[in-house]
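Data first, discussion second: the structure below is written as structure tokens.
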Amino acid sequence: MPTSEKIKVNSLQANTLGGLDEIERVTRRKRRHYVVHEQELPSVTTILQDWPKPALYAWYAKRGRDSMAEYLMEYLGEPISSGLLEDAVAEAKVAPQRDAKEAADLGTMAHELISMELLGEKVSVPPELDYVMKSFHEWQSGEHLTLVDTETAIYAPDYAGTIDALFKRDNGAFLLVDFKTSNHIYPEHDVQVFSYMDAIANSVEGSINIEGQVVRLGKEESDFEVLEINNYRDRLGKLWRGALAFHTALEEDKIYQKSLKEKDKK
């Protein structure tokens with residue numbers, strides 16, 4: 001069953017002429033869309049699901065092999081029956097999915113805690129997020145920022161999304177930050193942040209100085225990694241528009257393929 005919720009729009013877009021104060025966010029399994037002016041817009045993360053992820057595919061394969069070896073290790077010296085082999089293969093299939101879900105759940109919890117803390121709320125940090133929050137505090141201590149928004153929506157004519165945090169620097173520039181709990185910063189991460197920045201920059205009146213950061217927070221030790229996104233328009237603009245066009249083409253083809261199946265049934 002899909003879940004639906006109202007989410008506040010970031011202050012910069014909400015304060016523009018005709019800007020919306022909130023929009024609807026709908027999540028269905030692993031896909032999400034937003035309802036803006038009665039139009040369903042795909043989320044940025046849904047669009048980027050189509051982005052090539054060779055590192056993720058390699059991790060899935062390695063985790064599957066490792067889980068099979070771990071499962072069979074308990075039976076060393078014993079005859080391998082067909083049933084045992086089937087169970088080991090089954091474990092190799094589900095282990096990567098299980099680990100990926102746990103990592104996603106951990107990331108969601110981390111985002112919630114960071115947002116609460118930015119809003120001045122008291123938080124209780126579970127042991128599994130201790131290093132993540134320490135990493136966040138280390139990053140935060142090196143910056144001098146004033147919070148504008150956290151966990152608010154952005155929208156453009158053909159997509160929408162939710163940003164982790166928007167700050168203002170002492171020099172008047174805005175900084176849009178996306179926090180990651182992944183093991184690495186991947187190629188699509190800066191494209192994701194660009195899409196948020198571009199949606200805001202193209203909707204406010206006049207020029208706006210907005211910068212971006214992808215901040216990877218350590219999970220197993222207190223450390224962080226920052227990818228700055230400043231002079232971004234030429235390279236990231238092409239990548240984002242290409243990703244959006246590819247996603248749109250795939251969705252249109254799904255409709256076409258569905259229509260062919262319906263014709264065949266008649």
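Residue names in the structure tokens use chain letters A, B, ... in the order shown, residue numbers from 1 in each chain, and ligand numbers from 1 in the order shown.
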
Could you give me, as a PyMOL selection string, each residue of stretch 37-250 of chain A that DSSP assigns to strand (DSSP E) when run on this structure's backbone? chain A and resi 39-42+145-156+159-169+174-180+210-217+224-229

Selection near A:Glu251, 12 Å with only C-alpha atoms, sequence-local residues under 6 positions removed, as a CSV table (one decimal) with C-alpha atoms, in the first residue's frame:
chain,number,residue,atom,x,y,z
A,42,PRO,CA,8.9,11.6,-10.0
A,46,THR,CA,13.4,7.4,-8.2
A,47,ILE,CA,14.9,9.0,-11.4
A,50,ASP,CA,18.1,4.0,-13.4
A,244,LEU,CA,15.8,12.7,-16.4
A,245,ALA,CA,15.3,12.1,-20.1
A,257,GLN,CA,4.5,-2.1,-23.6
A,258,LYS,CA,1.5,-2.3,-21.4

Wanna dump the stretch 20-104 of chain A-stretch 159-169 of chain A contacts at 12 Å for me, each residue with its shortest atom pair and the distance in Å to one decimal, counting only C-alpha atoms, ordered by chain and number, as CSV?
residue,atom,partner,partner_atom,distance
A:Glu22,CA,A:Thr162,CA,11.6
A:Ile23,CA,A:Ala160,CA,9.7
A:Glu24,CA,A:Ala160,CA,10.4
A:Arg25,CA,A:Gly161,CA,8.7
A:Val26,CA,A:Gly161,CA,11.0
A:Thr27,CA,A:Gly161,CA,11.7
A:Arg31,CA,A:Gly161,CA,11.9
A:Arg32,CA,A:Gly161,CA,9.0
A:His33,CA,A:Ala160,CA,7.5
A:Tyr34,CA,A:Ala160,CA,6.3
A:Val35,CA,A:Ala160,CA,8.8
A:Val36,CA,A:Ala160,CA,8.5
A:Gln39,CA,A:Tyr159,CA,10.1
A:Glu40,CA,A:Tyr159,CA,8.6
A:Leu41,CA,A:Tyr159,CA,4.8
A:Pro42,CA,A:Tyr159,CA,5.2
A:Ser43,CA,A:Ala160,CA,5.0
A:Val44,CA,A:Gly161,CA,5.5
A:Thr45,CA,A:Gly161,CA,7.5
A:Thr46,CA,A:Gly161,CA,9.3
A:Ile47,CA,A:Tyr159,CA,8.7
A:Leu48,CA,A:Tyr159,CA,11.5

For the atom pair atom CA of A:Tyr60 and atom CA of A:Glu225, what is the interatomic distance in Å to one decimal place? 23.8 Å

Excluding stretch 142-144 of chain A and residues on its chain fewer than 2 positions from it, collect all residues at most 12 Å away from it, counting only C-alpha atoms, and give them as a PyMOL selection string. chain A and resi 135-140+146-147+167-175+177+213+224+226

Taking the backbone alone, and naming residues the way the document does, which bits of stretch 139-252 of chain A are helix (DSSP H, G or I) by DSSP, as a VMD selection string? chain A and resid 139 to 141 187 to 201 233 to 252

List as a PyMOL selection string the protein and nucleic acid residues near A:Phe179, meaning an atom at most 8 Å away when only C-alpha atoms are counted, but skip any in the same chain fewer than 5 places from it. chain A and resi 111+164+214-217

What's around stretch 66-74 of chain A at 8 Å? Count only C-alpha atoms, leave out sequence neighbours fewer than 2 positions away in its own chain, and write the answer as an MDAnalysis selection string. chainID A and resid 62:64 76 88:89 91:92 95

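With only C-alpha atoms as the basis for measurement, A:Ile154 is the residue among A:Gly237, A:Lys134, A:Ile154, A:Gly107 that approaches A:Val204 most closely.
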
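Counting from atom CA of A:Asp105, the distance to atom CA of A:Gly218 is 15.6 Å.
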
Nearest to A:Glu128 by atom-to-atom distance, counting only C-alpha atoms, from A:Lys219, A:Arg65, A:His189, A:Lys6: A:Lys219

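For A:Asn202, the residues within 12 Å (counting only C-alpha atoms, excluding itself and residues fewer than 4 positions away along the chain) are Leu12, Gln13, Thr16, Ile154, Tyr155, Ala156, Pro157, Phe194, Ser195, Tyr196, Met197, Asp198, Gly206, Ser207, Ile208, Asn209, Ile210 and Arg233 of chain A.
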